Every structure is written in C-alpha cells, then in structure tokens.
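Coordinates as given in run_37.cif (mmCIF, C-alpha atoms and all ligand atoms):
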```cif
data_my_file
#
loop_
_atom_site.label_atom_id
_atom_site.label_comp_id
_atom_site.auth_asym_id
_atom_site.auth_seq_id
_atom_site.Cartn_x
_atom_site.Cartn_y
_atom_site.Cartn_z
CA MET A 1 11.94 -8.70 61.95
CA SER A 2 8.23 -8.37 62.46
CA GLY A 3 5.71 -7.14 59.92
CA THR A 4 3.55 -9.26 57.75
CA ARG A 5 4.07 -10.28 54.19
CA TYR A 6 1.39 -10.86 51.59
CA VAL A 7 1.02 -14.42 50.29
CA GLY A 8 -2.19 -14.26 48.23
CA ASN A 9 -5.97 -14.12 48.60
CA LEU A 10 -8.72 -16.49 49.58
CA GLN A 11 -11.53 -16.96 47.08
CA ASN A 12 -13.60 -14.40 49.03
CA GLY A 13 -10.81 -11.84 48.64
CA ASP A 14 -9.40 -12.01 52.19
CA ARG A 15 -5.70 -11.28 52.19
CA VAL A 16 -3.48 -14.09 53.44
CA LYS A 17 -0.20 -13.05 55.00
CA ILE A 18 2.84 -14.54 56.66
CA SER A 19 2.15 -14.23 60.38
CA SER A 20 4.02 -11.49 62.17
CA ASP A 21 5.58 -13.94 64.64
CA SER A 22 6.95 -16.24 61.95
CA PRO A 23 10.69 -16.86 62.36
CA ASN A 24 11.30 -15.84 58.73
CA LYS A 25 9.67 -14.63 55.53
CA SER A 26 10.91 -17.22 53.09
CA ILE A 27 8.53 -18.94 50.68
CA VAL A 28 8.97 -22.19 48.76
CA ILE A 29 6.75 -22.74 45.73
CA SER A 30 6.24 -26.01 43.88
CA GLY A 31 3.97 -27.19 41.06
CA ILE A 32 4.23 -28.47 37.53
CA SER A 33 4.86 -26.25 34.54
CA GLY A 34 2.04 -23.90 33.54
CA THR A 35 0.30 -23.82 36.92
CA GLY A 36 0.99 -20.13 37.59
CA LYS A 37 4.12 -20.17 39.76
CA SER A 38 6.06 -17.52 37.88
CA GLN A 39 3.08 -15.18 37.67
CA ARG A 40 2.57 -15.51 41.43
CA ILE A 41 6.24 -14.77 41.99
CA CYS A 42 5.82 -11.42 40.19
CA ASP A 43 2.80 -10.66 42.29
CA LEU A 44 4.76 -11.40 45.45
CA GLU A 45 7.68 -9.28 44.25
CA LYS A 46 5.42 -6.27 43.73
CA ASN A 47 4.09 -6.66 47.24
CA ILE A 48 7.55 -7.12 48.72
CA ILE A 49 8.84 -3.84 47.26
CA ALA A 50 5.63 -2.14 48.39
CA GLU A 51 6.69 -3.13 51.94
CA GLY A 52 9.97 -1.27 51.35
CA SER A 53 12.16 -4.33 50.84
CA THR A 54 14.62 -4.89 48.02
CA VAL A 55 14.11 -7.79 45.64
CA ILE A 56 17.02 -9.48 43.89
CA VAL A 57 15.85 -11.92 41.24
CA LEU A 58 18.44 -14.37 39.97
CA ASP A 59 16.97 -15.02 36.55
CA LEU A 60 18.69 -18.20 35.46
CA ASP A 61 17.50 -18.22 31.85
CA GLY A 62 16.10 -14.79 31.10
CA SER A 63 12.51 -15.95 31.53
CA HIS A 64 11.46 -13.65 34.38
CA TYR A 65 8.26 -11.79 33.52
CA ASN A 66 8.20 -8.04 33.24
CA VAL A 67 6.96 -6.44 36.45
CA GLY A 68 7.48 -2.83 35.34
CA ASN A 69 10.16 -0.46 36.52
CA GLU A 70 12.60 -3.23 37.36
CA ASN A 71 16.35 -2.75 37.31
CA ILE A 72 17.69 -5.30 34.87
CA ILE A 73 21.34 -6.30 35.09
CA SER A 74 22.70 -8.64 32.46
CA ALA A 75 25.52 -10.69 33.95
CA ARG A 76 27.14 -10.93 30.54
CA GLU A 77 26.60 -7.43 29.14
CA ASP A 78 26.71 -5.29 32.28
CA GLY A 79 28.85 -7.45 34.57
CA ILE A 80 28.46 -7.74 38.31
CA ALA A 81 30.73 -5.77 40.62
CA LEU A 82 31.82 -8.13 43.33
CA ASN A 83 34.97 -8.72 45.30
CA PHE A 84 35.51 -12.45 44.97
CA LEU A 85 38.69 -13.26 46.89
CA ASP A 86 38.66 -11.77 50.36
CA VAL A 87 42.21 -10.69 51.29
CA LYS A 88 41.18 -10.04 54.88
CA ILE A 89 41.28 -13.80 55.37
CA LEU A 90 45.10 -13.57 55.25
CA ASN A 91 45.07 -11.96 58.71
CA LYS A 92 43.25 -14.95 60.17
CA PRO A 93 44.81 -18.06 61.79
CA SER A 94 46.27 -20.58 59.35
CA ASP A 95 43.53 -23.18 59.81
CA GLU A 96 40.92 -20.61 58.79
CA ILE A 97 42.97 -19.70 55.75
CA SER A 98 43.19 -23.37 54.73
CA GLU A 99 39.48 -23.77 55.20
CA TYR A 100 38.86 -20.75 52.99
CA GLN A 101 41.22 -22.06 50.29
CA ALA A 102 39.38 -25.41 50.29
CA GLU A 103 35.99 -23.75 50.19
CA ILE A 104 36.86 -21.56 47.21
CA ALA A 105 38.63 -24.37 45.35
CA ASN A 106 35.68 -26.71 45.85
CA LEU A 107 33.27 -24.02 44.75
CA LEU A 108 35.19 -23.35 41.54
CA LEU A 109 35.38 -27.07 40.82
CA SER A 110 31.87 -27.91 41.93
CA VAL A 111 30.51 -28.70 38.49
CA THR A 112 33.56 -30.61 37.29
CA LYS A 113 35.06 -33.96 38.11
CA ALA A 114 38.37 -33.10 39.71
CA GLY A 115 40.71 -35.42 41.58
CA ASP A 116 42.26 -34.76 44.99
CA ARG A 117 45.54 -33.71 43.46
CA GLN A 118 43.80 -31.12 41.27
CA ARG A 119 41.82 -29.80 44.22
CA ALA A 120 45.06 -29.45 46.18
CA LEU A 121 46.67 -27.55 43.31
CA LEU A 122 43.76 -25.16 43.10
CA ARG A 123 43.83 -24.61 46.88
CA ASP A 124 47.49 -23.58 46.61
CA THR A 125 46.65 -21.34 43.68
CA ILE A 126 43.91 -19.59 45.66
CA LEU A 127 46.48 -18.64 48.29
CA TRP A 128 48.83 -17.39 45.59
CA ALA A 129 46.02 -15.39 43.98
CA LEU A 130 45.05 -13.87 47.34
CA LYS A 131 48.60 -12.66 47.80
CA HIS A 132 48.96 -11.32 44.27
CA LYS A 133 45.48 -10.15 43.44
CA ASN A 134 46.43 -6.48 43.50
CA ASN A 135 48.51 -7.01 40.37
CA PHE A 136 45.54 -8.20 38.37
CA GLU A 137 42.52 -6.68 36.78
CA ASN A 138 40.32 -9.26 38.44
CA ASP A 139 40.58 -12.25 40.76
CA PHE A 140 39.97 -14.76 38.01
CA SER A 141 42.96 -13.62 35.98
CA ALA A 142 45.03 -13.93 39.17
CA ILE A 143 43.87 -17.53 39.52
CA GLU A 144 44.58 -18.23 35.87
CA THR A 145 48.10 -16.84 36.11
CA GLY A 146 48.65 -18.73 39.37
CA LEU A 147 47.90 -22.00 37.64
CA GLU A 148 50.12 -21.07 34.70
CA GLU A 149 52.95 -20.20 37.10
CA ILE A 150 52.82 -23.75 38.46
CA GLY A 151 52.76 -24.78 34.83
CA THR A 152 52.58 -28.56 35.27
CA GLU A 153 50.25 -30.63 33.16
CA LYS A 154 47.97 -31.11 36.17
CA ALA A 155 47.83 -27.39 36.88
CA LEU A 156 47.00 -26.59 33.27
CA GLY A 157 44.39 -29.33 33.44
CA VAL A 158 42.72 -27.49 36.33
CA ARG A 159 42.85 -24.27 34.34
CA ASP A 160 41.09 -25.97 31.43
CA LYS A 161 38.43 -27.40 33.74
CA ILE A 162 37.45 -23.98 35.06
CA TRP A 163 38.13 -22.19 31.77
CA PRO A 164 34.51 -21.00 31.20
CA LEU A 165 34.54 -19.43 34.63
CA LEU A 166 37.95 -17.81 34.18
CA LYS A 167 36.93 -16.36 30.84
CA CYS A 168 33.31 -15.26 31.36
CA ARG A 169 34.30 -11.91 32.96
CA VAL A 170 30.99 -11.63 34.81
CA PHE A 171 32.54 -10.32 37.97
CA ARG A 172 34.03 -6.99 37.03
CA GLU A 173 33.48 -3.29 37.47
CA SER A 174 29.93 -2.47 36.52
CA LYS A 175 27.91 0.68 35.99
CA LYS A 176 24.84 -1.11 37.26
CA THR A 177 24.20 -1.68 40.91
CA ILE A 178 21.46 -3.21 43.03
CA GLN A 179 18.87 -0.52 43.72
CA LYS A 180 17.21 -0.46 47.10
CA GLY A 181 13.45 -0.82 47.24
CA LYS A 182 13.25 -2.08 43.66
CA VAL A 183 12.91 -5.34 41.82
CA ASN A 184 16.43 -6.03 40.55
CA VAL A 185 16.65 -8.75 37.93
CA ILE A 186 20.10 -10.22 37.42
CA SER A 187 19.96 -12.24 34.24
CA PHE A 188 22.25 -15.21 33.65
CA GLU A 189 20.66 -15.81 30.27
CA SER A 190 23.02 -17.21 27.62
CA PHE A 191 25.39 -18.94 30.06
CA ASP A 192 25.23 -22.70 30.17
CA THR A 193 23.64 -24.31 33.20
CA ASP A 194 26.88 -25.53 34.80
CA LEU A 195 28.49 -22.12 34.61
CA THR A 196 25.30 -20.46 35.87
CA LYS A 197 25.33 -22.78 38.87
CA VAL A 198 28.77 -21.60 39.95
CA LEU A 199 28.13 -17.93 39.10
CA VAL A 200 24.95 -17.93 41.19
CA GLU A 201 26.68 -19.56 44.13
CA ILE A 202 29.51 -17.02 43.96
CA PHE A 203 26.96 -14.20 43.85
CA LEU A 204 24.93 -15.58 46.77
CA LYS A 205 28.01 -16.28 48.86
CA ASN A 206 29.06 -12.70 48.45
CA LEU A 207 25.57 -11.37 49.17
CA TRP A 208 25.43 -13.50 52.30
CA LYS A 209 28.80 -12.18 53.46
CA GLU A 210 27.73 -8.58 52.83
CA ALA A 211 24.36 -9.11 54.52
CA ARG A 212 26.06 -10.46 57.62
CA ARG A 213 28.40 -7.50 57.67
CA MET A 214 25.64 -4.92 57.24
CA LYS A 215 23.15 -6.52 59.66
CA GLU A 216 20.22 -4.22 58.84
CA ASN A 217 18.93 -5.49 55.54
CA LYS A 218 15.59 -6.01 53.90
CA ILE A 219 16.42 -8.23 50.99
CA THR A 220 14.44 -10.95 49.29
CA VAL A 221 16.30 -13.21 46.87
CA VAL A 222 14.06 -14.77 44.23
CA ILE A 223 15.02 -17.87 42.26
CA ASP A 224 12.56 -19.54 39.92
CA GLU A 225 13.43 -23.10 38.83
CA PHE A 226 16.12 -23.34 41.48
CA GLN A 227 16.38 -27.14 41.43
CA ASN A 228 19.58 -27.23 39.37
CA LEU A 229 21.54 -24.92 41.61
CA ILE A 230 24.09 -25.87 44.23
CA LEU A 231 22.32 -27.17 47.32
CA GLY A 232 23.51 -28.94 50.44
CA ARG A 233 24.31 -27.89 53.98
CA LYS A 234 27.01 -25.42 53.08
CA SER A 235 25.26 -23.91 50.08
CA SER A 236 24.17 -20.30 50.27
CA ILE A 237 20.55 -21.20 49.55
CA GLU A 238 20.30 -23.48 52.55
CA GLN A 239 22.21 -21.03 54.73
CA ILE A 240 19.77 -18.26 53.87
CA LEU A 241 16.85 -20.58 54.61
CA ARG A 242 18.33 -21.52 57.99
CA GLU A 243 19.79 -18.25 59.21
CA GLY A 244 18.69 -15.51 56.83
CA ARG A 245 16.31 -13.79 59.21
CA LYS A 246 19.19 -12.84 61.54
CA TYR A 247 20.52 -10.63 58.78
CA GLY A 248 17.24 -9.53 57.26
CA ILE A 249 17.52 -11.64 54.16
CA ASP A 250 14.94 -14.11 52.97
CA ILE A 251 14.38 -16.20 49.90
CA LEU A 252 11.58 -17.03 47.49
CA LEU A 253 12.18 -20.28 45.64
CA ALA A 254 10.17 -22.11 43.01
CA THR A 255 10.52 -25.54 41.47
CA GLN A 256 8.43 -27.91 39.39
CA THR A 257 9.05 -30.89 41.62
CA LEU A 258 10.17 -31.59 45.16
CA ALA A 259 10.86 -35.24 44.38
CA THR A 260 14.46 -34.69 43.30
CA PHE A 261 15.77 -33.16 46.52
CA SER A 262 17.67 -34.96 49.27
CA LYS A 263 16.07 -35.40 52.69
CA ALA A 264 18.43 -32.80 54.13
CA THR A 265 17.49 -30.24 51.48
CA LEU A 266 13.79 -30.91 52.09
CA VAL A 267 14.36 -30.24 55.78
CA ALA A 268 16.01 -26.94 54.87
CA LEU A 269 13.15 -26.04 52.49
CA ASN A 270 10.67 -26.79 55.25
CA GLN A 271 12.21 -24.01 57.32
CA ALA A 272 10.60 -21.48 55.01
CA ALA A 273 7.72 -19.65 56.69
CA VAL A 274 5.32 -20.71 53.95
CA ARG A 275 5.07 -23.40 51.31
CA LEU A 276 2.81 -22.92 48.30
CA TYR A 277 1.79 -26.04 46.41
CA PHE A 278 0.51 -25.37 42.93
CA ARG A 279 -0.91 -28.39 41.09
CA PRO A 280 1.68 -31.17 41.38
CA ALA A 281 2.54 -34.06 39.08
CA VAL A 282 0.05 -36.90 39.47
CA SER A 283 2.86 -39.14 40.70
CA GLU A 284 3.69 -36.75 43.54
CA THR A 285 0.21 -35.85 44.69
CA LYS A 286 -0.23 -38.51 47.34
CA MET A 287 3.20 -38.02 48.87
CA LEU A 288 2.68 -34.26 49.07
CA ALA A 289 -0.78 -34.65 50.58
CA GLN A 290 0.75 -36.81 53.30
CA GLN A 291 3.46 -34.26 53.96
CA ILE A 292 1.05 -31.34 54.04
CA ASP A 293 -1.45 -32.89 56.44
CA GLY A 294 -1.30 -36.59 57.35
CA THR A 295 -4.76 -36.47 58.93
CA ASN A 296 -6.63 -35.42 55.82
CA VAL A 297 -4.85 -37.14 52.99
CA GLU A 298 -7.78 -38.11 50.78
CA ARG A 299 -9.30 -34.66 50.84
CA LEU A 300 -5.98 -32.98 50.14
CA ILE A 301 -5.31 -35.25 47.20
CA LEU A 302 -8.58 -34.06 45.69
CA THR A 303 -7.81 -30.44 46.46
CA LEU A 304 -4.33 -30.68 44.91
CA LYS A 305 -5.64 -32.46 41.82
CA HIS A 306 -8.29 -29.83 41.23
CA LEU A 307 -6.22 -26.70 41.73
CA LYS A 308 -6.78 -24.32 38.83
CA VAL A 309 -4.00 -22.30 37.21
CA GLY A 310 -2.92 -19.67 39.72
CA GLU A 311 -4.27 -21.52 42.75
CA SER A 312 -2.08 -23.09 45.41
CA VAL A 313 -2.45 -24.88 48.72
CA ALA A 314 -0.64 -22.80 51.33
CA ILE A 315 0.72 -24.07 54.61
CA GLY A 316 3.04 -22.62 57.22
CA ASP A 317 2.98 -19.53 59.40
CA LEU A 318 -0.10 -17.89 57.95
CA GLU A 319 -2.59 -15.33 59.14
CA ILE A 320 -5.76 -13.72 57.86
CA ALA A 321 -6.73 -10.38 59.42
CA GLY A 322 -4.31 -11.05 62.28
CA LYS A 323 -5.63 -14.54 63.04
CA HIS A 324 -3.37 -17.56 62.76
CA ILE A 325 -4.37 -20.21 60.26
CA GLU A 326 -3.30 -23.70 61.20
CA ARG A 327 -4.83 -25.74 58.39
CA PRO A 328 -3.89 -25.80 54.71
CA ILE A 329 -5.84 -23.23 52.68
CA VAL A 330 -6.25 -22.52 48.98
CA VAL A 331 -4.66 -19.23 48.05
CA ARG A 332 -4.72 -17.40 44.71
CA THR A 333 -4.18 -13.93 43.28
CA ASP A 334 -6.59 -11.66 41.50
CA TYR A 335 -5.57 -12.29 37.99
CA ARG A 336 -7.10 -10.84 34.91
CA LYS A 337 -5.59 -11.25 31.49
CA LYS A 338 -4.71 -7.59 31.41
CA ASN A 339 -2.76 -7.55 34.66
CA GLY A 340 -0.84 -10.74 34.05
CA TYR A 341 2.86 -10.16 33.57
CA ASP A 342 4.48 -10.37 30.16
CA ILE A 343 7.57 -12.05 28.98
CA ARG A 344 10.51 -9.66 28.77
CA ARG A 345 12.01 -8.64 25.41
N1 LIG B 401 -3.66 -16.61 38.52
C1 LIG B 401 -3.85 -16.98 37.24
N2 LIG B 401 -5.09 -17.04 36.71
C2 LIG B 401 -5.29 -17.41 35.44
N3 LIG B 401 -4.29 -17.70 34.59
C3 LIG B 401 -3.03 -17.65 35.04
C4 LIG B 401 -2.74 -17.29 36.40
N4 LIG B 401 -1.42 -17.34 36.57
C5 LIG B 401 -0.90 -17.72 35.39
N5 LIG B 401 -1.86 -17.90 34.45
C6 LIG B 401 -1.68 -18.31 33.04
O1 LIG B 401 -0.88 -19.49 33.00
C7 LIG B 401 0.30 -19.27 32.23
C8 LIG B 401 1.47 -19.97 32.92
O2 LIG B 401 1.76 -19.27 34.10
P1 LIG B 401 3.22 -19.32 34.73
O3 LIG B 401 3.18 -18.45 35.92
O4 LIG B 401 4.24 -19.02 33.70
O5 LIG B 401 3.32 -20.86 35.14
P2 LIG B 401 4.57 -21.68 35.73
O6 LIG B 401 5.60 -20.73 36.16
O7 LIG B 401 3.99 -22.50 36.83
O8 LIG B 401 5.02 -22.55 34.57
C9 LIG B 401 0.44 -17.75 32.16
O9 LIG B 401 1.04 -17.33 30.99
C10 LIG B 401 -0.98 -17.25 32.23
O10 LIG B 401 -1.54 -17.27 30.95
MG MG B 402 7.58 -20.69 35.57
#
```
Rewritten as structure tokens:
Amino acid sequence: MSGTRYVGNLQNGDRVKISSDSPNKSIVISGISGTGKSQRICDLEKNIIAEGSTVIVLDLDGSHYNVGNENIISAREDGIALNFLDVKILNKPSDEISEYQAEIANLLLSVTKAGDRQRALLRDTILWALKHKNNFENDFSAIETGLEEIGTEKALGVRDKIWPLLKCRVFRESKKTIQKGKVNVISFESFDTDLTKVLVEIFLKNLWKEARRMKENKITVVIDEFQNLILGRKSSIEQILREGRKYGIDILLATQTLATFSKATLVALNQAAVRLYFRPAVSETKMLAQQIDGTNVERLILTLKHLKVGESVAIGDLEIAGKHIERPIVVRTDYRKKNGYDIRR
C-alpha cells in the first residue's frame, strides 16, 4: 500500500502529500461551517480518482458538490443492491451464529430505545429470517414476517420500532452499481437522520465485509458531517480507521467540531494518516492547539484563528517532494471562483 496521496499545497505552490511510508491514507477534517471543508473534499476526491482509486461518497443530505462525471446513486430512487443477511453464517459454530444475531439485532435497533426482551425477540427473528430468506423478495420483508409470525404484542412492538427501516426498500436490486475509478455519490437525501444512521452503517458493514473478502481494493469512503453517524469500537467507521489499510480501504471524514466525540473515538480518528484543521470554533481553538503541538501552543492558536477560508493546518504523515514534514503546516488548494465546485441540482 505505498504511493503518495495529495493533501493540498503550500502557499508557494509546493504539493503536500501523505508520506509513502504512512500506515494508511485516511484523512480527518475539522473546522466550523463555511471554512472550505467540503470544497477541499472535492479537490481530494478528484486527486484520489486520478491515482486510480475508487471514491464512494456517502452523501448524508444531498449536499455534496458537483465534481463532474460522478456516478450518482440515490438510495431512495435507485436503491442499493446489497445482500444484508449472510446465510453462510449458518454453517458456523453456534456461538458465532448467536454473536451474529446479536450484532444484527443491535444494529437494527441502534437508534431506538429497546428493552432486553425486545432485543432477544429480534435476535430470534434474525435466525428465522436467515433460514427463510429465500422465500422473500428481500431480507427486510423476511424480518417483518418473522416478527409477525411470533405475533405477540412485544414482537409487533419491535416491528413498529424498526418500521421505517423495514419499509424504506433501500436495499434491493438496482440498475446502478459502484463504478471503479470514479467518484460514486450515494445520496441518502430525504431520509431522516436516524434512518440514515442505520442505512449507512448497514452499507459500510457490507462494504467492509466485501473489502476483506476481495483483499485487493483501492477504495476511499468519503463522509462529510459524519458526527451523527454510528461510532464506537465496533462501528464500521472506526474499524476502517484501524484496519482499513490491510484491505486497501481508507476513509475521508469531515466534521465541524471534534468536541463531541468520546476519548475512544478521538483515539480512532487520530489513527488517520493526516488531520486537517480548518478554522475551529473559538471555544475549541486552545484545546486543538494543545493537541496539535503542545510545545508551540500560543503560535498555533494564532495560526488557527487566522486561517482563511480554504486554509487548514495539516499534521500527520506528510511529505513535500519526498521529504518528511514533522511540524504542523498550513495547507490550501488553488481555488479560483471558476473552479470551485457547485451545489448539485
Ligand atoms: N479554497 C477556497 N478559497 C476561497 N474560497 C473558498 C475556498 N473553499 C471554499 N470557499 C468558499 O467558501 C464557501 C464554503 O465552502 P465549503 O467548502 O462549503 O465550507 P464548509 O464545508 O467548511 O462549510 C464556498 O462556497 C466557497 O465560496
Ligand atoms: Mg461542508
């Protein structure tokens, strides 16, 4: 997994790249609204496909800028072809099957308040659906019928809790597929945030499974405003950050603030090869300066405060013309009004 990846330019035009010996190619971007994060993301995407990699943007609200020649897949209109329940698990030892049932049940219930009894019911239903999925058009109707077969008030209560998921029909046969070497934008626009959270996690879980199976991949997942998604040790996002490079998959994440994340998530985010700090909220500036470089806090505070739109402080595994850069540097992109990216639609 060598090869360098473009990060941006210095003021004098020198190209800053991820160093070739970096353990991964993931990038985490932070900065308040309007500081140029999303524009930079498009710039990075163009460079990533120019390297021959495939970009998969999970566009949570349809706000991804137009990069030209992208393959747009609407989760609602086009659907996403994906095999949700994995019947191969049934050939595994029983403890692995139970673990799988719990994992899927917890995933489906992750944005709801469900009691232990309801979780247990859904775990049983997952097993039922695995065994009967061939009789159904899709895995979600198998789960729905499974709960209706049990038929108790509790079971129907679970069905109602996950109703939006059972009925959204996102995961179905689709004419659209991910195209290699392109920017693919999967839009979750028009779904509410809770449903989007679960849909994205299901998508990423599947991508992760496929990537591990295929080994040779060159995929970058891009998620702007990722802070509301499912995080935590077992989440796909943190797994990709930790182990993605083994399977040739990396991630480009952006958020307005880092203040809302748990310590464990911050540790995972720090595994990214590079962090780009666009201008932060005043209240976060000092804390970030300390994290970036504890020996130069006052100067960094000034640098962060005075970042212009499109500028960011970069730290991590960086190189310029093959030379490692150890200190934080200010990185930008050539941006002229006419080559900025437009809003889609
Ligand atoms: N590198 C840049 N140089 C000058 N202006 C920029 C640059 N990047 C973005 N902008 C301007 O700032 C606006 C906000 O940029 P955007 O990337 O959407 O910010 P964010 O995602 O941080 O909210 C853009 O519409 C554009 O007008
Ligand atoms: Mg933005």
How would you write, as a compact mmCIF listing (two decimals) with C-alpha atoms, in the frame of the given file, the set of residues no farther than 9 Å from ligand MG 402 (chain B) when counting all atoms listed in the file?
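Full text of pocket.txt as output:
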```
# COMPACT_ATOMS: atom_id res chain seq x y z
CA ILE A 32 4.23 -28.47 37.53
CA SER A 33 4.86 -26.25 34.54
CA GLY A 34 2.04 -23.90 33.54
CA THR A 35 0.30 -23.82 36.92
CA GLY A 36 0.99 -20.13 37.59
CA LYS A 37 4.12 -20.17 39.76
CA SER A 38 6.06 -17.52 37.88
CA GLN A 39 3.08 -15.18 37.67
CA ILE A 41 6.24 -14.77 41.99
CA SER A 63 12.51 -15.95 31.53
CA HIS A 64 11.46 -13.65 34.38
CA ASP A 224 12.56 -19.54 39.92
CA GLU A 225 13.43 -23.10 38.83
CA ALA A 254 10.17 -22.11 43.01
CA THR A 255 10.52 -25.54 41.47
CA GLN A 256 8.43 -27.91 39.39
```
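For the atom pair formed by CA of Arg169 in chain A and CA of Glu144 in chain A, the distance is 12.4 Å, given to one decimal.
The nearest approach to ligand LIG 401 (chain B) among the residues A:Gly232, A:Pro164, A:Gly31, A:Pro328, with all atoms listed in the file taken into account, belongs to A:Gly31.
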Revision key, fill the gap. Restricting to all atoms listed in the file, whichever of A:Leu300, A:Val309, A:Leu147, A:Ile320 is closest to ligand LIG 401 (chain B) is A:Val309
Practice item. Could you jot down the CA of Asp78 in chain A to CA of Ser174 in chain A separation for me, Å, one decimal place? Key: 6.0 Å
